[in-house]
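Q: Got a structure for you, my_file.txt, holding compact mmCIF, C-alpha atoms and all ligand atoms.
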# COMPACT_ATOMS: atom_id res chain seq x y z
CA MET A 1 -26.01 -8.63 -19.16
CA SER A 2 -23.41 -9.42 -21.82
CA PRO A 3 -21.14 -12.40 -21.10
CA MET A 4 -18.12 -11.83 -18.89
CA ARG A 5 -14.86 -11.22 -20.75
CA GLU A 6 -11.91 -13.28 -19.58
CA ILE A 7 -8.79 -11.27 -18.82
CA GLY A 8 -5.47 -13.10 -18.52
CA ILE A 9 -3.43 -12.41 -15.38
CA GLY A 10 0.22 -12.98 -14.54
CA VAL A 11 1.46 -12.67 -10.95
CA VAL A 12 5.15 -12.19 -10.25
CA SER A 13 6.26 -13.44 -6.80
CA LEU A 14 4.00 -15.69 -4.79
CA GLY A 15 4.76 -14.52 -1.24
CA TRP A 16 2.27 -12.75 1.02
CA MET A 17 1.19 -10.09 -1.44
CA GLY A 18 1.38 -12.30 -4.55
CA ARG A 19 -1.00 -14.76 -2.93
CA LEU A 20 -3.35 -11.95 -1.92
CA HIS A 21 -3.32 -10.36 -5.39
CA SER A 22 -4.18 -13.80 -6.81
CA THR A 23 -7.21 -14.35 -4.57
CA SER A 24 -8.28 -10.72 -5.07
CA TYR A 25 -8.51 -11.15 -8.85
CA GLN A 26 -10.62 -14.25 -8.30
CA ARG A 27 -13.24 -12.26 -6.35
CA ILE A 28 -13.78 -9.49 -8.91
CA ALA A 29 -16.46 -11.14 -11.05
CA ALA A 30 -18.65 -11.66 -7.96
CA ARG A 31 -18.02 -8.31 -6.25
CA PHE A 32 -17.77 -5.98 -9.26
CA PRO A 33 -20.02 -7.74 -11.82
CA GLU A 34 -20.67 -4.55 -13.81
CA LEU A 35 -17.05 -4.59 -14.99
CA GLY A 36 -17.91 -7.66 -17.04
CA LEU A 37 -14.47 -9.11 -16.33
CA ARG A 38 -13.54 -12.61 -15.27
CA PRO A 39 -9.82 -12.69 -14.46
CA ARG A 40 -8.07 -15.94 -15.41
CA LEU A 41 -4.87 -16.79 -13.54
CA VAL A 42 -2.58 -17.67 -16.45
CA VAL A 43 0.91 -17.83 -15.00
CA ALA A 44 2.74 -17.14 -11.72
CA ALA A 45 6.50 -16.61 -11.43
CA ASP A 46 8.52 -17.34 -8.30
CA PRO A 47 11.97 -18.96 -7.99
CA VAL A 48 10.91 -21.04 -4.96
CA PRO A 49 9.53 -24.43 -6.15
CA ALA A 50 7.09 -24.66 -3.21
CA ASN A 51 5.58 -21.34 -4.25
CA GLN A 52 5.23 -22.56 -7.84
CA GLU A 53 3.40 -25.62 -6.56
CA ALA A 54 1.16 -23.45 -4.36
CA ALA A 55 0.42 -21.25 -7.39
CA ARG A 56 -0.85 -24.26 -9.34
CA GLU A 57 -2.44 -26.34 -6.59
CA GLN A 58 -3.85 -23.76 -4.16
CA PHE A 59 -4.41 -20.70 -6.29
CA GLY A 60 -5.39 -22.31 -9.59
CA PHE A 61 -2.80 -20.84 -11.96
CA ALA A 62 -2.62 -22.72 -15.25
CA ARG A 63 1.21 -22.53 -15.12
CA ALA A 64 3.94 -21.61 -12.66
CA VAL A 65 7.46 -20.68 -13.71
CA ALA A 66 10.67 -19.46 -12.09
CA SER A 67 11.12 -16.05 -13.66
CA ILE A 68 9.23 -13.02 -14.91
CA GLU A 69 10.44 -13.35 -18.52
CA GLU A 70 8.01 -16.20 -19.22
CA VAL A 71 5.15 -14.16 -17.77
CA LEU A 72 5.88 -11.14 -19.96
CA ALA A 73 6.37 -13.29 -23.07
CA ASP A 74 2.97 -14.98 -22.69
CA PRO A 75 0.47 -13.39 -25.11
CA GLU A 76 -2.43 -14.57 -22.91
CA VAL A 77 -1.24 -12.31 -20.07
CA GLU A 78 -3.06 -8.98 -20.31
CA ALA A 79 -2.23 -7.59 -16.86
CA VAL A 80 0.55 -8.29 -14.38
CA SER A 81 0.96 -8.07 -10.60
CA ILE A 82 4.43 -7.27 -9.29
CA CYS A 83 4.63 -8.49 -5.69
CA SER A 84 8.38 -8.94 -5.35
CA PRO A 85 10.80 -7.59 -2.76
CA ASN A 86 11.37 -3.86 -3.37
CA PHE A 87 14.76 -4.17 -5.12
CA LEU A 88 13.15 -6.09 -8.00
CA HIS A 89 10.32 -3.58 -8.58
CA ARG A 90 12.18 -1.27 -10.97
CA ASP A 91 13.52 -3.92 -13.34
CA PHE A 92 10.28 -5.92 -13.29
CA ALA A 93 7.97 -2.91 -13.78
CA VAL A 94 10.09 -1.41 -16.56
CA ALA A 95 10.17 -4.81 -18.30
CA ALA A 96 6.38 -5.18 -17.92
CA ALA A 97 5.78 -1.72 -19.40
CA GLN A 98 8.17 -2.41 -22.29
CA ALA A 99 6.29 -5.65 -22.97
CA GLY A 100 3.08 -3.58 -23.15
CA LYS A 101 1.61 -5.14 -20.01
CA PRO A 102 -0.34 -2.96 -17.54
CA PHE A 103 0.90 -3.61 -13.98
CA TRP A 104 -0.32 -3.49 -10.39
CA ILE A 105 2.77 -3.06 -8.24
CA GLU A 106 3.24 -3.22 -4.50
CA LYS A 107 4.45 -0.28 -2.46
CA PRO A 108 7.02 1.14 -2.02
CA MET A 109 7.39 1.46 -5.79
CA GLY A 110 11.14 0.66 -5.98
CA VAL A 111 13.87 1.31 -3.38
CA SER A 112 14.09 5.06 -4.06
CA ALA A 113 12.29 7.96 -5.71
CA ALA A 114 14.78 7.67 -8.59
CA GLN A 115 13.60 4.10 -9.23
CA SER A 116 9.95 5.15 -8.86
CA ARG A 117 10.58 7.84 -11.46
CA GLU A 118 11.97 5.24 -13.90
CA ILE A 119 8.95 3.02 -13.32
CA ARG A 120 6.48 5.83 -13.92
CA ALA A 121 8.35 7.01 -17.03
CA ALA A 122 8.34 3.50 -18.51
CA ALA A 123 4.59 3.17 -17.89
CA GLN A 124 3.91 6.58 -19.43
CA ASP A 125 6.08 5.83 -22.48
CA ALA A 126 4.28 2.52 -23.03
CA ARG A 127 0.87 4.06 -22.17
CA VAL A 128 -0.02 1.15 -19.88
CA ALA A 129 -2.39 1.43 -16.92
CA THR A 130 -0.83 1.13 -13.47
CA ALA A 131 -1.95 0.57 -9.90
CA VAL A 132 0.00 0.77 -6.63
CA GLY A 133 -0.77 -1.16 -3.44
CA PHE A 134 -2.01 1.72 -1.28
CA ASN A 135 -4.80 -0.50 0.04
CA TYR A 136 -5.78 1.57 3.08
CA ARG A 137 -7.30 4.17 0.73
CA HIS A 138 -9.99 1.65 -0.04
CA ALA A 139 -11.26 1.13 3.52
CA PRO A 140 -14.87 2.40 3.39
CA ALA A 141 -14.23 4.65 6.40
CA VAL A 142 -11.13 6.19 4.79
CA ALA A 143 -13.02 6.73 1.53
CA HIS A 144 -15.68 8.50 3.58
CA LEU A 145 -13.15 10.69 5.40
CA ARG A 146 -11.85 11.90 2.03
CA ALA A 147 -15.43 12.57 0.90
CA LEU A 148 -16.11 14.44 4.14
CA VAL A 149 -13.07 16.68 3.60
CA ALA A 150 -14.00 17.22 -0.08
CA SER A 151 -17.56 18.18 0.90
CA GLY A 152 -16.22 21.00 3.09
CA ARG A 153 -18.15 19.78 6.15
CA LEU A 154 -15.00 19.75 8.27
CA GLY A 155 -14.34 23.37 7.23
CA ARG A 156 -10.83 24.44 6.28
CA ILE A 157 -8.42 21.59 6.99
CA THR A 158 -5.85 22.77 9.52
CA ASN A 159 -3.84 19.66 10.35
CA MET A 160 -3.66 15.90 10.04
CA ARG A 161 -2.03 13.21 12.11
CA CYS A 162 -0.97 9.87 10.71
CA TRP A 163 0.41 7.11 12.86
CA LEU A 164 1.58 3.72 11.54
CA MET A 165 2.81 1.60 14.42
CA ALA A 166 3.62 -2.09 14.13
CA ASP A 167 5.69 -4.57 16.07
CA TYR A 168 6.46 -7.14 13.39
CA ALA A 169 10.15 -6.37 14.00
CA SER A 170 10.06 -5.84 17.77
CA SER A 171 11.84 -9.10 18.63
CA PRO A 172 15.64 -8.81 18.35
CA ASP A 173 15.54 -12.48 17.31
CA GLY A 174 13.41 -11.74 14.24
CA ALA A 175 15.14 -12.76 10.98
CA LEU A 176 17.33 -10.29 9.07
CA THR A 177 15.24 -10.52 5.89
CA TRP A 178 15.49 -8.36 2.75
CA ARG A 179 13.44 -5.72 4.55
CA TYR A 180 16.47 -4.66 6.69
CA ASP A 181 18.86 -4.42 3.75
CA ARG A 182 19.36 -1.01 2.09
CA GLU A 183 20.04 -2.50 -1.36
CA LYS A 184 17.01 -4.79 -1.25
CA ALA A 185 14.45 -2.66 0.61
CA GLY A 186 15.75 0.90 0.35
CA SER A 187 14.65 2.65 3.53
CA GLY A 188 13.21 0.64 6.44
CA VAL A 189 9.90 1.51 8.03
CA ILE A 190 9.74 4.68 5.90
CA GLY A 191 9.23 2.74 2.67
CA ASP A 192 7.46 -0.16 4.31
CA LEU A 193 4.79 1.66 6.34
CA LEU A 194 5.23 5.42 6.08
CA SER A 195 4.77 5.22 2.29
CA HIS A 196 1.14 4.28 3.09
CA GLY A 197 1.02 7.30 5.43
CA ALA A 198 2.41 9.68 2.81
CA ASP A 199 -0.32 8.49 0.46
CA LEU A 200 -3.07 8.62 3.09
CA VAL A 201 -2.29 12.19 4.14
CA ALA A 202 -2.47 13.38 0.53
CA HIS A 203 -5.49 11.20 -0.30
CA VAL A 204 -7.61 12.29 2.68
CA THR A 205 -6.76 16.01 2.64
CA GLY A 206 -6.56 16.38 -1.15
CA GLN A 207 -3.31 18.28 -0.52
CA ARG A 208 0.19 17.15 -1.42
CA ILE A 209 3.07 17.19 1.07
CA THR A 210 5.43 20.00 0.04
CA GLU A 211 8.17 19.88 2.71
CA VAL A 212 9.23 17.71 5.64
CA SER A 213 11.42 17.77 8.73
CA ALA A 214 12.21 14.30 10.08
CA ARG A 215 14.10 12.18 12.59
CA THR A 216 14.84 8.46 12.32
CA ASP A 217 16.49 5.84 14.54
CA VAL A 218 17.46 2.17 14.60
CA PHE A 219 16.47 0.55 17.91
CA ILE A 220 17.52 -3.04 17.13
CA PRO A 221 20.89 -2.77 15.34
CA GLU A 222 21.48 -6.46 14.55
CA ARG A 223 19.41 -9.54 13.86
CA PRO A 224 19.96 -13.25 13.14
CA ILE A 225 20.64 -14.21 9.52
CA PRO A 226 17.84 -16.39 8.06
CA THR A 227 18.51 -19.99 7.05
CA SER A 228 15.19 -20.51 5.21
CA VAL A 229 12.60 -18.55 3.24
CA GLY A 230 9.08 -17.75 4.48
CA VAL A 231 5.99 -15.79 3.52
CA GLY A 232 5.73 -12.15 4.59
CA HIS A 233 7.11 -11.86 8.12
CA GLY A 234 6.46 -15.47 9.09
CA GLY A 235 7.83 -19.00 8.83
CA ILE A 236 11.47 -17.97 8.53
CA GLU A 237 14.17 -20.01 10.33
CA VAL A 238 17.35 -18.38 11.64
CA GLY A 239 20.85 -19.50 12.69
CA SER A 240 23.13 -18.14 15.41
CA ALA A 241 25.05 -15.75 13.12
CA ARG A 242 23.89 -12.13 13.23
CA GLY A 243 24.18 -9.25 10.80
CA PRO A 244 23.62 -5.47 10.91
CA VAL A 245 20.24 -3.78 10.37
CA ALA A 246 20.92 -1.21 7.65
CA ASN A 247 17.77 0.90 7.69
CA GLU A 248 15.58 2.71 10.23
CA ASP A 249 13.15 1.10 12.69
CA TRP A 250 11.41 4.38 13.58
CA VAL A 251 10.62 7.70 11.93
CA ALA A 252 8.79 10.87 12.90
CA ALA A 253 8.16 13.76 10.52
CA LEU A 254 6.51 17.16 10.45
CA ALA A 255 5.06 18.09 7.08
CA THR A 256 3.59 21.12 5.34
CA LEU A 257 0.73 20.54 2.90
CA SER A 258 0.05 22.38 -0.35
CA GLY A 259 -3.23 23.87 0.91
CA GLY A 260 -1.54 25.34 3.98
CA ALA A 261 -2.40 22.54 6.43
CA HIS A 262 0.18 20.73 8.57
CA ALA A 263 0.70 17.03 9.19
CA THR A 264 2.58 14.89 11.65
CA LEU A 265 3.57 11.38 10.65
CA GLU A 266 5.15 8.73 12.85
CA SER A 267 5.92 5.11 12.12
CA SER A 268 7.66 2.24 13.84
CA ARG A 269 8.16 -1.44 13.06
CA VAL A 270 9.33 -2.15 16.63
CA ALA A 271 6.47 -0.57 18.65
CA ARG A 272 5.96 -3.51 20.99
CA GLY A 273 2.24 -4.03 21.53
CA HIS A 274 1.01 -2.36 18.37
CA ARG A 275 0.34 -5.27 16.06
CA SER A 276 -0.72 -3.18 13.04
CA ASP A 277 -2.05 0.12 14.33
CA TYR A 278 -2.46 2.50 11.40
CA ALA A 279 -4.39 5.59 12.41
CA ILE A 280 -5.35 8.90 10.82
CA GLU A 281 -6.91 12.00 12.33
CA VAL A 282 -8.01 14.98 10.24
CA TYR A 283 -8.86 18.32 11.83
CA GLY A 284 -10.72 21.25 10.29
CA THR A 285 -12.25 24.52 11.47
CA GLU A 286 -15.74 22.92 11.62
CA GLY A 287 -14.94 19.46 12.93
CA SER A 288 -12.64 16.49 12.90
CA ALA A 289 -12.64 12.78 12.15
CA ARG A 290 -10.44 9.82 12.98
CA TRP A 291 -9.93 6.20 11.93
CA SER A 292 -7.69 3.33 12.87
CA PHE A 293 -7.02 0.09 11.03
CA THR A 294 -7.38 -1.75 14.36
CA ARG A 295 -11.07 -0.81 14.12
CA MET A 296 -11.20 -0.71 10.34
CA ASN A 297 -14.97 -0.81 10.09
CA GLU A 298 -15.77 2.29 12.10
CA PHE A 299 -14.72 5.91 12.34
CA GLU A 300 -15.29 8.75 14.76
CA VAL A 301 -16.51 12.17 13.75
CA MET A 302 -17.36 15.48 15.42
CA LEU A 303 -19.12 18.13 13.33
CA GLY A 304 -20.07 21.66 14.37
CA GLU A 305 -21.13 22.42 17.95
CA GLY A 306 -22.41 19.45 19.89
CA GLY A 307 -23.88 21.36 22.87
CA ALA A 308 -24.05 19.21 25.96
CA GLU A 309 -23.11 16.17 23.84
CA HIS A 310 -20.05 17.85 22.32
CA GLY A 311 -17.66 15.05 21.39
CA TYR A 312 -17.04 12.22 18.96
CA THR A 313 -19.74 10.03 17.48
CA THR A 314 -18.75 6.50 16.46
CA VAL A 315 -20.10 5.58 13.02
CA PHE A 316 -20.04 1.97 11.82
CA ALA A 317 -19.25 1.39 8.16
CA GLY A 318 -22.23 0.70 5.92
CA GLY A 319 -23.64 1.29 2.48
CA ASP A 320 -23.04 5.07 2.66
CA HIS A 321 -19.29 4.56 2.77
CA GLY A 322 -16.96 3.80 -0.13
CA GLU A 323 -17.33 0.33 -1.65
CA TYR A 324 -18.82 -1.23 1.49
CA SER A 325 -22.00 -2.49 -0.17
CA ARG A 326 -19.96 -4.59 -2.62
CA PHE A 327 -19.29 -6.93 0.25
CA GLN A 328 -22.18 -6.77 2.72
CA PRO A 329 -25.87 -5.97 2.23
CA GLY A 330 -26.38 -4.45 5.69
CA PRO A 331 -24.38 -2.02 7.85
CA GLY A 332 -21.99 -2.85 10.67
CA ILE A 333 -20.66 -6.14 9.31
CA PRO A 334 -16.86 -6.02 9.30
CA LEU A 335 -14.93 -5.98 6.03
CA SER A 336 -11.41 -7.43 6.00
CA PHE A 337 -7.94 -6.44 4.81
CA ASP A 338 -8.41 -8.86 1.91
CA ASP A 339 -11.55 -6.96 0.86
CA LEU A 340 -9.47 -3.78 0.47
CA LYS A 341 -7.21 -5.66 -1.93
CA THR A 342 -10.25 -6.88 -3.91
CA ILE A 343 -11.29 -3.24 -4.37
CA GLU A 344 -7.76 -2.42 -5.52
CA ALA A 345 -7.74 -5.31 -8.01
CA ALA A 346 -11.12 -4.20 -9.39
CA ARG A 347 -9.95 -0.61 -9.85
CA PHE A 348 -6.79 -1.76 -11.58
CA LEU A 349 -8.65 -3.97 -14.03
CA ALA A 350 -11.35 -1.33 -14.58
CA ASP A 351 -8.58 1.11 -15.55
CA VAL A 352 -6.97 -1.53 -17.79
CA ALA A 353 -10.26 -2.36 -19.51
CA THR A 354 -11.82 1.10 -19.82
CA GLY A 355 -9.01 3.65 -19.58
CA SER A 356 -10.54 5.14 -16.40
CA ARG A 357 -8.26 6.38 -13.56
CA THR A 358 -9.74 4.93 -10.40
CA ALA A 359 -6.72 3.17 -8.83
CA PRO A 360 -3.80 4.84 -7.09
CA ASN A 361 -1.39 4.94 -10.03
CA ALA A 362 2.36 5.11 -10.69
CA SER A 363 2.30 8.89 -10.24
CA ASP A 364 0.81 8.37 -6.77
CA GLY A 365 3.53 5.78 -6.15
CA LEU A 366 6.17 8.31 -7.18
CA ALA A 367 4.57 11.08 -5.10
CA ALA A 368 4.77 8.89 -1.98
CA ALA A 369 8.35 7.90 -2.86
CA GLU A 370 9.32 11.58 -3.16
CA VAL A 371 7.96 12.17 0.35
CA CYS A 372 9.83 9.11 1.67
CA ASP A 373 13.10 10.20 0.02
CA ALA A 374 12.74 13.75 1.37
CA ILE A 375 12.19 12.27 4.85
CA VAL A 376 15.37 10.19 4.50
CA ARG A 377 17.31 13.30 3.36
CA SER A 378 15.83 15.46 6.11
CA ALA A 379 16.72 12.93 8.82
CA ALA A 380 20.32 12.89 7.53
CA SER A 381 20.67 16.68 7.20
CA ARG A 382 18.40 17.57 10.16
CA ALA A 383 16.94 20.32 7.95
CA TRP A 384 13.54 21.09 6.43
CA THR A 385 13.55 19.46 3.00
CA ASP A 386 11.40 20.21 -0.07
CA VAL A 387 9.36 17.45 -1.70
CA PRO A 388 9.34 17.63 -5.53
CA GLU A 389 5.86 17.91 -7.06
CA VAL A 390 4.58 15.03 -9.20
CA GLU A 391 2.09 15.50 -12.04
CA GLY A 392 -0.66 13.02 -12.79
CA THR A 393 -1.59 11.86 -9.28
CA THR A 394 -5.14 11.14 -8.10
CA ILE A 395 -4.69 13.33 -4.99
CA GLY A 396 -6.88 16.37 -5.87
CA PHE A 397 -10.65 16.30 -5.40
N1 LIG B 1 0.21 -3.22 0.51
C1 LIG B 1 0.57 -3.74 1.66
O1 LIG B 1 -0.06 -3.49 2.67
C2 LIG B 1 1.76 -4.65 1.69
C3 LIG B 1 1.89 -5.60 2.72
C4 LIG B 1 3.01 -6.44 2.69
C5 LIG B 1 3.98 -6.31 1.70
N2 LIG B 1 3.83 -5.35 0.75
C6 LIG B 1 4.84 -5.20 -0.30
O2 LIG B 1 4.77 -6.33 -1.16
C7 LIG B 1 6.06 -6.66 -1.66
C8 LIG B 1 6.35 -8.12 -1.31
O3 LIG B 1 6.24 -8.30 0.07
P1 LIG B 1 5.79 -9.69 0.69
O4 LIG B 1 5.48 -9.45 2.12
O5 LIG B 1 4.74 -10.32 -0.16
O6 LIG B 1 7.16 -10.48 0.57
P2 LIG B 1 7.43 -12.04 0.70
O7 LIG B 1 8.81 -12.14 1.25
O8 LIG B 1 6.30 -12.73 1.38
O9 LIG B 1 7.41 -12.53 -0.81
C9 LIG B 1 8.38 -12.17 -1.74
C10 LIG B 1 8.38 -13.25 -2.81
O10 LIG B 1 9.25 -12.84 -3.86
C11 LIG B 1 9.81 -14.01 -4.40
N3 LIG B 1 10.98 -13.68 -5.21
C12 LIG B 1 12.26 -13.48 -4.80
N4 LIG B 1 13.06 -13.27 -5.87
C13 LIG B 1 12.27 -13.33 -6.98
C14 LIG B 1 12.51 -13.21 -8.37
N5 LIG B 1 13.72 -12.98 -8.85
N6 LIG B 1 11.46 -13.34 -9.21
C15 LIG B 1 10.21 -13.57 -8.76
N7 LIG B 1 9.93 -13.69 -7.43
C16 LIG B 1 10.95 -13.58 -6.56
C17 LIG B 1 10.13 -14.83 -3.16
O11 LIG B 1 10.35 -16.20 -3.48
C18 LIG B 1 8.86 -14.62 -2.34
O12 LIG B 1 7.89 -15.60 -2.64
C19 LIG B 1 7.02 -5.67 -1.02
O13 LIG B 1 7.26 -4.62 -1.91
C20 LIG B 1 6.27 -5.17 0.20
O14 LIG B 1 6.65 -3.86 0.60
C21 LIG B 1 2.74 -4.54 0.71
Show me, as structure tokens, the structure contained in the file I just sent.
Ligand SMILES: NC(=O)c1ccc[n+]([C@@H]2O[C@H](COP(=O)([O-])OP(=O)(O)OC[C@H]3O[C@@H](n4cnc5c(N)ncnc54)[C@H](O)[C@@H]3O)[C@@H](O)[C@H]2O)c1
A:
Amino acid sequence: MSPMREIGIGVVSLGWMGRLHSTSYQRIAARFPELGLRPRLVVAADPVPANQEAAREQFGFARAVASIEEVLADPEVEAVSICSPNFLHRDFAVAAAQAGKPFWIEKPMGVSAAQSREIRAAAQDARVATAVGFNYRHAPAVAHLRALVASGRLGRITNMRCWLMADYASSPDGALTWRYDREKAGSGVIGDLLSHGADLVAHVTGQRITEVSARTDVFIPERPIPTSVGVGHGGIEVGSARGPVANEDWVAALATLSGGAHATLESSRVARGHRSDYAIEVYGTEGSARWSFTRMNEFEVMLGEGGAEHGYTTVFAGGDHGEYSRFQPGPGIPLSFDDLKTIEAARFLADVATGSRTAPNASDGLAAAEVCDAIVRSAASRAWTDVPEVEGTTIGF
């Protein structure tokens, strides 16, 4: 085998996702050796000094700086991760593209479809590879469900159900972070969780969502203002002052798909008891299949007529499914959330290095954003709302 080529990486924002992108790059050489790539963590950017120190000390970056400009100006940086709060995505992604740097950006791609459109246009103009953080696609069971639909074994797909329930925001004493602010996050649980659902429905069925009818609500209208920063949803201190929650806690939507199937999507960030329950069910004329993130390493399937044993069979993930065998040599050994991100990192860098199109890209990010925006509009108007079509996605089989 020829020697591994080093590829210089910059990571912007060292919170939950920035840390996970960093460790994911570091696992590529071992898990995807045929790529011949050895990512080198060149520079991380985060305004919080403790995160800069963590970047150097814990994650092994050669340098840590306060702002993205130094990352984009560094000629050793060949690919960039953008793991910032949503309101920074547009400016950071457009700047990365204009600097000629391919980028892997977290979902939702910007605070609106308009921002997603700007991001995609900048990437297309600069002809840089892109990847978007739709990590649930990469679960071996989800990859297999898509393959099952594509093979025709479920028959004609009639309907799909997607459910993304979490309770990270179920305490009224949880901090009023950027996620509850319209300017900084855009929509609430729609952008945060349902964007994954919009992508999963399209990815698994191979059909795009063409129209939606939705309802939203805010169940916890105010929260305490934070007095410190944290990572992800944790470690944030609050004071006694409270402020208003500006975006939705809950959403439910009916959707029509381009191949004639239907979908129902529901998501909540305040569903007390559901820690992170992200589930999909796909139904066809010859069978159906279902998966939940709470049992990420298995799926249930029913094909044809089962006679006296008619019903679901539980299948544990193994070498027949997606990228499972990258991580474990034998079946039934659980993969983790972090493994999904390693797959995403590998696809991004494969696309950067070879020009392939294996990662969910900026067009997929825009397609999901168009669905999310249409859901926001439909909830406001209480009317069925069309979803604009996006070219260049990886949705079709
Ligand atoms: N794919 C997934 O499953 C998933 C999961 C969680 C979060 N996300 C997405 O990842 C993104 C980040 O979320 P998170 O949970 O990591 O947030 P976080 O709050 O943990 O981290 C955000 C980081 O951004 C830094 N930051 C703030 N201003 C900055 C600036 N001007 N320049 C550089 N860095 C700056 C903060 O210091 C912080 O370290 C969001 O878009 C979110 O929706 C995706």
Q: Report the distance between CA of Glu222 (chain A) and CA of Val245 (chain A) in Å, rounded to one decimal place.
A: 5.1 Å
Q: Taking 6 positions as the minimum chain separation for residues in the same chain, which residues sit within 12 Å of region 215-220 of chain A when counting all atoms listed in the file? Answer as number ranges by chain.
A: A: 167, 169-176, 180, 187-190, 194, 242-254, 264-272, 372, 374-384
Q: Draw an axis-aligned box tight on the listed atoms of ligand LIG 1 (chain B), then pad every side by 6 Å and write out centre and edge lengths in Å to one decimal as AutoDock Vina command-line options.
A:
--center_x 6.8 --center_y -9.7 --center_z -3.2 --size_x 25.8 --size_y 25.0 --size_z 23.9
Q: Need to verify the contact set: Ala129 (chain A), 10 Å, all atoms listed in the file, exclusion of same-chain residues closer than 6 positions in sequence. Can you return it as a list in words?
A: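 Neighbouring residues, sequence-local ones excluded: Ala79, Ala97, Gly100, Lys101, Pro102, Phe103, Trp104, Ala123, Phe348, Leu349, Ala350, Asp351, Val352, Ala353, Thr354, Gly355, Ser356, Arg357, Ala359, Asn361 and Ala362 of chain A.
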Q: Taking only C-alpha atoms and all ligand atoms and a cut-off of 6 Å, can you tell me which residues surround ligand LIG 1 (chain B), written as a PyMOL selection string?
A: chain A and resi 12-18+45-48+67+83-86+106-108+133-135+192+231-232
Q: Set the distance at 10 Å and use all atoms listed in the file: which residues neighbour region 35-37 of chain A once local chain neighbours fewer than 6 positions away are removed? I'd like the list as a PyMOL selection string.
A: chain A and resi 1-7+25+28-29+346-347+349-350+353-354
Q: How many Å lie between CA of Val387 (chain A) and CA of Thr210 (chain A), rounded to one decimal?
A: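 Computed distance, CA of Val387 (chain A) to CA of Thr210 (chain A), equals 5.0 Å.
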